[in-house]
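Engineer: Following this message is one structure expressed as structure tokens.
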Amino acid sequence: MIFLKLGGSLITDKTGVEVVCHDVLARLAAEIAKARTAIPELLLLLGHGSGSFGHVAAAKYGTRAGVQMPEQWYGFAEVSSAASRLSKIVTDALLGAGVPAISFQPSASAACQDGQLTELAISPIRSAFSHNLVPVIHGDVAFDSRRGGTIVSTEEVMMALAGELRPSWLLLAGITDGVYDGQQQVIPVITRANFPEVETALGGSHGTDVTGGMGSKVKGMLDLVDAHPDLSIRIFSGLEAGLLERLLLAPDTRSGTVIRADRL
């Protein structure tokens with residue numbers, strides 16, 4: 001099983017408002033279709049960032065920090081609507097390429113406590129796999145027992161699902177070739193052992209992102225591989241034509257940055 005995330009900066013223009021990179025999305029969908037044709041038994045869960053959709057509304061209303069006032073609850077609904085609009089575009093692109101994709105809206109079953117995801121339905125996703133469908137998930141709003149409401153990122157949803165589904169790889173397709181060091185060179189491997197050396201070189205994200213930049217994402221990925229040592233994570237460029245297809249067929253192909261647990 002492989003988890004794949006298409007970054008919000010890859011499939012949208014995060015410096016605008018609800019601007020989709022249709023050509024990039026169509027090419028990526030075609031590469032996914034080719035990989036599934038080559039390996040029919042491939043189990044693939046696809047997530048995507050909210051990019052110039054959900055992040056813009058979420059920043060406007062401060063949704064991640066909490067939802068209490070009527071105007072904040074209106075924003076809560078607006079963020080969910082924006083995230084769903086992009087998910088439909090992604091799912092339609094996949095269906096157009098012949099990929100049997102089905103979207104799962106996290107807010108329908110997610111529950112949080114003070115910003116931490118505590119509940120998420122997994123049975124429907126297992127059923128999708130059993131019928132050779134490709135589940136599509138995304139960052140979304142969630143009801144929170146302490147904050148009222150909040151936001152769960154795509155990575156947080158994937159982390160929750162990884163504990164149950166146990167993927168062997170998590171592929172993160174973005175607009176950079178990997179994680180860069182202070183000299184703007186791609187770091188081939190990041191583990192707990194060398195993370196202190198590279199942490200200072202990790203900056204934020206391009207455009208509006210309410211769930212954190214590269215630094216927070218790498219920390220979250222290290223937490224994930226600590227919890228699941230058999231999981232490897234690869235950060236790579238989705239802008240390189242054909243690379244996604246190659247990685248779906250052979251995830252250990254050397255490209256970008258690999259994040260993994262420390263190994264003797």
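Naming works like this for the structure tokens: A, B, ... for the chains as they're shown, residue 1 at the start of each chain, ligands 1 onward in shown order.
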Within 10 Å of Lys5 of chain A, counting only C-alpha atoms, which residues show up once you throw out same-chain ones fewer than 5 positions away? Write them as a VMD selection string, please.

Structural biologist: chain A and resid 45 to 49 136 to 138 154 to 155 158 170 to 174 235

Engineer: Could you turn the residues from that selection into a file that holds N, CA and C atoms, as a PDB file, in the first residue's frame?

Structural biologist:
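Below is the file that was written, out.pdb:
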ATOM      1  N   LEU A  45      -3.844   5.233  -1.663  1.00  0.00           N
ATOM      2  CA  LEU A  45      -4.681   6.261  -1.045  1.00  0.00           C
ATOM      3  C   LEU A  45      -4.099   7.612  -1.410  1.00  0.00           C
ATOM      4  N   LEU A  46      -4.916   8.492  -1.946  1.00  0.00           N
ATOM      5  CA  LEU A  46      -4.430   9.782  -2.414  1.00  0.00           C
ATOM      6  C   LEU A  46      -4.985  10.903  -1.540  1.00  0.00           C
ATOM      7  N   GLY A  47      -4.098  11.765  -1.106  1.00  0.00           N
ATOM      8  CA  GLY A  47      -4.482  12.972  -0.392  1.00  0.00           C
ATOM      9  C   GLY A  47      -3.996  14.179  -1.167  1.00  0.00           C
ATOM     10  N   HIS A  48      -4.617  15.312  -0.950  1.00  0.00           N
ATOM     11  CA  HIS A  48      -4.147  16.529  -1.610  1.00  0.00           C
ATOM     12  C   HIS A  48      -4.256  17.706  -0.655  1.00  0.00           C
ATOM     13  N   GLY A  49      -3.379  18.662  -0.840  1.00  0.00           N
ATOM     14  CA  GLY A  49      -3.414  19.872  -0.044  1.00  0.00           C
ATOM     15  C   GLY A  49      -4.573  20.759  -0.462  1.00  0.00           C
ATOM     16  N   VAL A 136      -9.781   9.246  -1.918  1.00  0.00           N
ATOM     17  CA  VAL A 136      -9.185  10.584  -1.972  1.00  0.00           C
ATOM     18  C   VAL A 136      -9.588  11.331  -0.704  1.00  0.00           C
ATOM     19  N   ILE A 137      -8.583  11.798   0.046  1.00  0.00           N
ATOM     20  CA  ILE A 137      -8.854  12.560   1.260  1.00  0.00           C
ATOM     21  C   ILE A 137      -8.150  13.916   1.174  1.00  0.00           C
ATOM     22  N   HIS A 138      -8.470  14.804   2.097  1.00  0.00           N
ATOM     23  CA  HIS A 138      -7.908  16.155   2.070  1.00  0.00           C
ATOM     24  C   HIS A 138      -7.989  16.774   3.455  1.00  0.00           C
ATOM     25  N   THR A 154      -4.061  17.563   5.759  1.00  0.00           N
ATOM     26  CA  THR A 154      -4.002  16.307   5.006  1.00  0.00           C
ATOM     27  C   THR A 154      -3.032  15.337   5.662  1.00  0.00           C
ATOM     28  N   GLU A 155      -1.870  15.857   6.104  1.00  0.00           N
ATOM     29  CA  GLU A 155      -0.886  14.993   6.747  1.00  0.00           C
ATOM     30  C   GLU A 155      -1.426  14.383   8.035  1.00  0.00           C
ATOM     31  N   MET A 158      -3.690  11.620   7.145  1.00  0.00           N
ATOM     32  CA  MET A 158      -2.889  10.478   6.681  1.00  0.00           C
ATOM     33  C   MET A 158      -2.205   9.768   7.842  1.00  0.00           C
ATOM     34  N   LEU A 170       4.965   6.651   1.948  1.00  0.00           N
ATOM     35  CA  LEU A 170       4.193   7.879   1.827  1.00  0.00           C
ATOM     36  C   LEU A 170       4.967   8.774   0.871  1.00  0.00           C
ATOM     37  N   LEU A 171       4.387   9.048  -0.284  1.00  0.00           N
ATOM     38  CA  LEU A 171       5.029   9.881  -1.293  1.00  0.00           C
ATOM     39  C   LEU A 171       4.419  11.280  -1.239  1.00  0.00           C
ATOM     40  N   LEU A 172       5.271  12.281  -1.050  1.00  0.00           N
ATOM     41  CA  LEU A 172       4.819  13.674  -0.953  1.00  0.00           C
ATOM     42  C   LEU A 172       5.300  14.437  -2.180  1.00  0.00           C
ATOM     43  N   ALA A 173       4.380  14.698  -3.110  1.00  0.00           N
ATOM     44  CA  ALA A 173       4.719  15.395  -4.346  1.00  0.00           C
ATOM     45  C   ALA A 173       4.478  16.886  -4.172  1.00  0.00           C
ATOM     46  N   GLY A 174       5.538  17.671  -4.359  1.00  0.00           N
ATOM     47  CA  GLY A 174       5.429  19.115  -4.206  1.00  0.00           C
ATOM     48  C   GLY A 174       6.047  19.840  -5.373  1.00  0.00           C
ATOM     49  N   ILE A 235       9.922  12.891  -0.276  1.00  0.00           N
ATOM     50  CA  ILE A 235       9.503  14.211  -0.727  1.00  0.00           C
ATOM     51  C   ILE A 235      10.194  14.477  -2.060  1.00  0.00           C
TER      52      ILE A 235
END

Engineer: Neighbours of Ala142 of chain A within 8 Å (only C-alpha atoms; same-chain residues fewer than 6 positions away dropped), as a ChimeraX atom specification?

Structural biologist: /A:106-107,110-112,149-152

Engineer: Those residues you just picked out, can you put them in a file as a short mmCIF file (atom, residue, chain, number, x, y, z; two decimals), in the first residue's frame with N, CA and C atoms?

Structural biologist:
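Output file out-v9.cif follows:
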data_model
loop_
_atom_site.label_atom_id
_atom_site.label_comp_id
_atom_site.auth_asym_id
_atom_site.auth_seq_id
_atom_site.Cartn_x
_atom_site.Cartn_y
_atom_site.Cartn_z
N PRO A 106 -13.15 14.28 5.39
CA PRO A 106 -12.79 13.98 6.78
C PRO A 106 -13.75 14.56 7.81
N SER A 107 -14.31 15.75 7.55
CA SER A 107 -15.17 16.38 8.54
C SER A 107 -16.42 15.57 8.84
N ALA A 110 -14.49 13.07 11.48
CA ALA A 110 -13.36 13.46 12.33
C ALA A 110 -13.84 14.13 13.61
N ALA A 111 -13.14 13.85 14.70
CA ALA A 111 -13.35 14.54 15.97
C ALA A 111 -11.98 14.88 16.56
N CYS A 112 -11.89 16.06 17.16
CA CYS A 112 -10.61 16.51 17.72
C CYS A 112 -10.78 16.92 19.18
N GLY A 149 -14.30 24.20 17.06
CA GLY A 149 -13.94 23.70 15.74
C GLY A 149 -12.48 23.96 15.48
N THR A 150 -11.91 23.26 14.52
CA THR A 150 -10.52 23.45 14.16
C THR A 150 -10.31 22.93 12.74
N ILE A 151 -9.05 22.79 12.36
CA ILE A 151 -8.70 22.24 11.05
C ILE A 151 -7.75 21.07 11.25
N VAL A 152 -7.96 20.01 10.48
CA VAL A 152 -7.00 18.91 10.43
C VAL A 152 -6.36 18.93 9.04
#

Engineer: Which of these residues is nearest to Leu249 of chain A, using only C-alpha atoms: A:His22, A:Lys34, A:Arg146, A:Lys14?

Structural biologist: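 Going through A:His22, A:Lys34, A:Arg146, A:Lys14 one by one, the smallest distance to Leu249 of chain A is for A:Lys34.
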
Engineer: Can you pull out every residue within 9 Å of segment 95-102 of chain A, counting only C-alpha atoms, but drop anything in the same chain fewer than 4 positions away, and send it as a ChimeraX atom specification?

Structural biologist: /A:26-27,29-33,36,46,90-91,128,132-137

Engineer: What residues in segment 35-182 of chain A get the DSSP label alpha helix (DSSP H)? Please answer as a PyMOL selection string.

Structural biologist: chain A and resi 35-38+51-61+70-96+123-130+154-165

Engineer: For atom CA of Glu156 of chain A and atom CA of Val19 of chain A, determine how far apart the two atoms are, in Å to one decimal place.

Structural biologist: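 One can read the atom CA of Glu156 of chain A to atom CA of Val19 of chain A distance as 24.1 Å.
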
Engineer: One number please: atom CA of Ala250 of chain A to atom CA of Ser103 of chain A, in Å, one decimal.

Structural biologist: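 These atoms are spaced 25.5 Å apart.
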
Engineer: Could you list, as a ChimeraX atom specification, every residue within 10 Å of segment 223-226 of chain A, counting only C-alpha atoms and ignoring same-chain residues fewer than 6 positions away?

Structural biologist: /A:155-156,158-160,162-163,191-192,217,232-233,259-262

Engineer: Could the residues in this selection be written to a file with C-alpha atoms, as a PDB file, in the first residue's frame?

Structural biologist:
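Below is the file selection31.pdb, written as the result:
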ATOM      1  CA  GLU A 155      -0.886  14.993   6.747  1.00  0.00           C
ATOM      2  CA  GLU A 156      -2.736  14.649  10.054  1.00  0.00           C
ATOM      3  CA  MET A 158      -2.889  10.478   6.681  1.00  0.00           C
ATOM      4  CA  MET A 159      -1.084   9.914   9.979  1.00  0.00           C
ATOM      5  CA  ALA A 160      -4.317   8.712  11.559  1.00  0.00           C
ATOM      6  CA  ALA A 162      -1.412   5.082   8.560  1.00  0.00           C
ATOM      7  CA  GLY A 163      -1.809   3.598  12.009  1.00  0.00           C
ATOM      8  CA  THR A 191      16.380  10.822  10.311  1.00  0.00           C
ATOM      9  CA  ARG A 192      16.233  11.782  13.977  1.00  0.00           C
ATOM     10  CA  LYS A 217       5.817  19.022   8.075  1.00  0.00           C
ATOM     11  CA  SER A 232       9.450   5.402   4.507  1.00  0.00           C
ATOM     12  CA  ILE A 233       8.535   8.875   3.261  1.00  0.00           C
ATOM     13  CA  ILE A 259      12.550  10.510   5.719  1.00  0.00           C
ATOM     14  CA  ARG A 260      12.861   7.291   7.681  1.00  0.00           C
ATOM     15  CA  ALA A 261      13.444   5.900  11.124  1.00  0.00           C
ATOM     16  CA  ASP A 262      17.017   5.574  12.356  1.00  0.00           C
TER      17      ASP A 262
END

Engineer: Point out the residue among A:Pro167, A:Gly66, A:Gly220, A:Gly242 with the least atom-to-atom distance to Asp114 of chain A, counting only C-alpha atoms.

Structural biologist: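 Comparing A:Pro167, A:Gly66, A:Gly220, A:Gly242 against Asp114 of chain A, the winner is A:Gly66.
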
Engineer: Could you pull out the residues in segment 130-164 of chain A that DSSP calls strand (DSSP E) from the backbone, as an MDAnalysis selection string?

Structural biologist: chainID A and resid 134:138 140:144 148:152

Engineer: Write out, as a PDB file, in the first residue's frame, the residues just selected, with N, CA and C atoms.

Structural biologist:
ATOM      1  N   VAL A 134      -9.844   4.097  -5.515  1.00  0.00           N
ATOM      2  CA  VAL A 134      -8.771   4.930  -4.962  1.00  0.00           C
ATOM      3  C   VAL A 134      -9.401   5.979  -4.056  1.00  0.00           C
ATOM      4  N   PRO A 135      -9.282   5.828  -2.737  1.00  0.00           N
ATOM      5  CA  PRO A 135      -9.825   6.838  -1.815  1.00  0.00           C
ATOM      6  C   PRO A 135      -9.055   8.146  -1.939  1.00  0.00           C
ATOM      7  N   VAL A 136      -9.781   9.246  -1.918  1.00  0.00           N
ATOM      8  CA  VAL A 136      -9.185  10.584  -1.972  1.00  0.00           C
ATOM      9  C   VAL A 136      -9.588  11.331  -0.704  1.00  0.00           C
ATOM     10  N   ILE A 137      -8.583  11.798   0.046  1.00  0.00           N
ATOM     11  CA  ILE A 137      -8.854  12.560   1.260  1.00  0.00           C
ATOM     12  C   ILE A 137      -8.150  13.916   1.174  1.00  0.00           C
ATOM     13  N   HIS A 138      -8.470  14.804   2.097  1.00  0.00           N
ATOM     14  CA  HIS A 138      -7.908  16.155   2.070  1.00  0.00           C
ATOM     15  C   HIS A 138      -7.989  16.774   3.455  1.00  0.00           C
ATOM     16  N   ASP A 140      -9.336  19.356   6.187  1.00  0.00           N
ATOM     17  CA  ASP A 140     -10.735  19.734   6.349  1.00  0.00           C
ATOM     18  C   ASP A 140     -10.949  20.350   7.730  1.00  0.00           C
ATOM     19  N   VAL A 141     -12.125  20.873   7.947  1.00  0.00           N
ATOM     20  CA  VAL A 141     -12.516  21.311   9.286  1.00  0.00           C
ATOM     21  C   VAL A 141     -12.891  20.083  10.106  1.00  0.00           C
ATOM     22  N   ALA A 142     -12.916  20.254  11.422  1.00  0.00           N
ATOM     23  CA  ALA A 142     -13.334  19.177  12.316  1.00  0.00           C
ATOM     24  C   ALA A 142     -13.909  19.803  13.584  1.00  0.00           C
ATOM     25  N   PHE A 143     -14.911  19.161  14.166  1.00  0.00           N
ATOM     26  CA  PHE A 143     -15.437  19.610  15.449  1.00  0.00           C
ATOM     27  C   PHE A 143     -14.448  19.233  16.546  1.00  0.00           C
ATOM     28  N   ASP A 144     -14.302  20.129  17.510  1.00  0.00           N
ATOM     29  CA  ASP A 144     -13.290  19.977  18.536  1.00  0.00           C
ATOM     30  C   ASP A 144     -13.942  20.163  19.911  1.00  0.00           C
ATOM     31  N   GLY A 148     -14.166  24.035  19.950  1.00  0.00           N
ATOM     32  CA  GLY A 148     -15.390  24.193  19.176  1.00  0.00           C
ATOM     33  C   GLY A 148     -15.200  23.611  17.795  1.00  0.00           C
ATOM     34  N   GLY A 149     -14.304  24.199  17.059  1.00  0.00           N
ATOM     35  CA  GLY A 149     -13.937  23.696  15.742  1.00  0.00           C
ATOM     36  C   GLY A 149     -12.479  23.960  15.480  1.00  0.00           C
ATOM     37  N   THR A 150     -11.915  23.260  14.525  1.00  0.00           N
ATOM     38  CA  THR A 150     -10.516  23.450  14.160  1.00  0.00           C
ATOM     39  C   THR A 150     -10.310  22.933  12.744  1.00  0.00           C
ATOM     40  N   ILE A 151      -9.051  22.785  12.357  1.00  0.00           N
ATOM     41  CA  ILE A 151      -8.705  22.239  11.049  1.00  0.00           C
ATOM     42  C   ILE A 151      -7.753  21.071  11.246  1.00  0.00           C
ATOM     43  N   VAL A 152      -7.964  20.009  10.475  1.00  0.00           N
ATOM     44  CA  VAL A 152      -6.996  18.906  10.426  1.00  0.00           C
ATOM     45  C   VAL A 152      -6.359  18.926   9.040  1.00  0.00           C
TER      46      VAL A 152
END

Engineer: So, with only C-alpha atoms as the atoms that count, which of A:Ala93, A:Val198, A:Ile125, A:Val79 lies closest to Gly62 of chain A?

Structural biologist: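 Using only C-alpha atoms, the shortest distance to Gly62 of chain A belongs to A:Val79.
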
Engineer: Can you tell me how far atom CA of Val56 of chain A sits from atom CA of Leu244 of chain A, in Å to one decimal?

Structural biologist: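 Between these atoms lies a distance of 27.5 Å.
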
Engineer: Using only C-alpha atoms, which residue out of A:Asp181, A:Arg147, A:Trp169, A:Asp13 lies closest to Pro251 of chain A?

Structural biologist: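 Closest candidate: A:Trp169.
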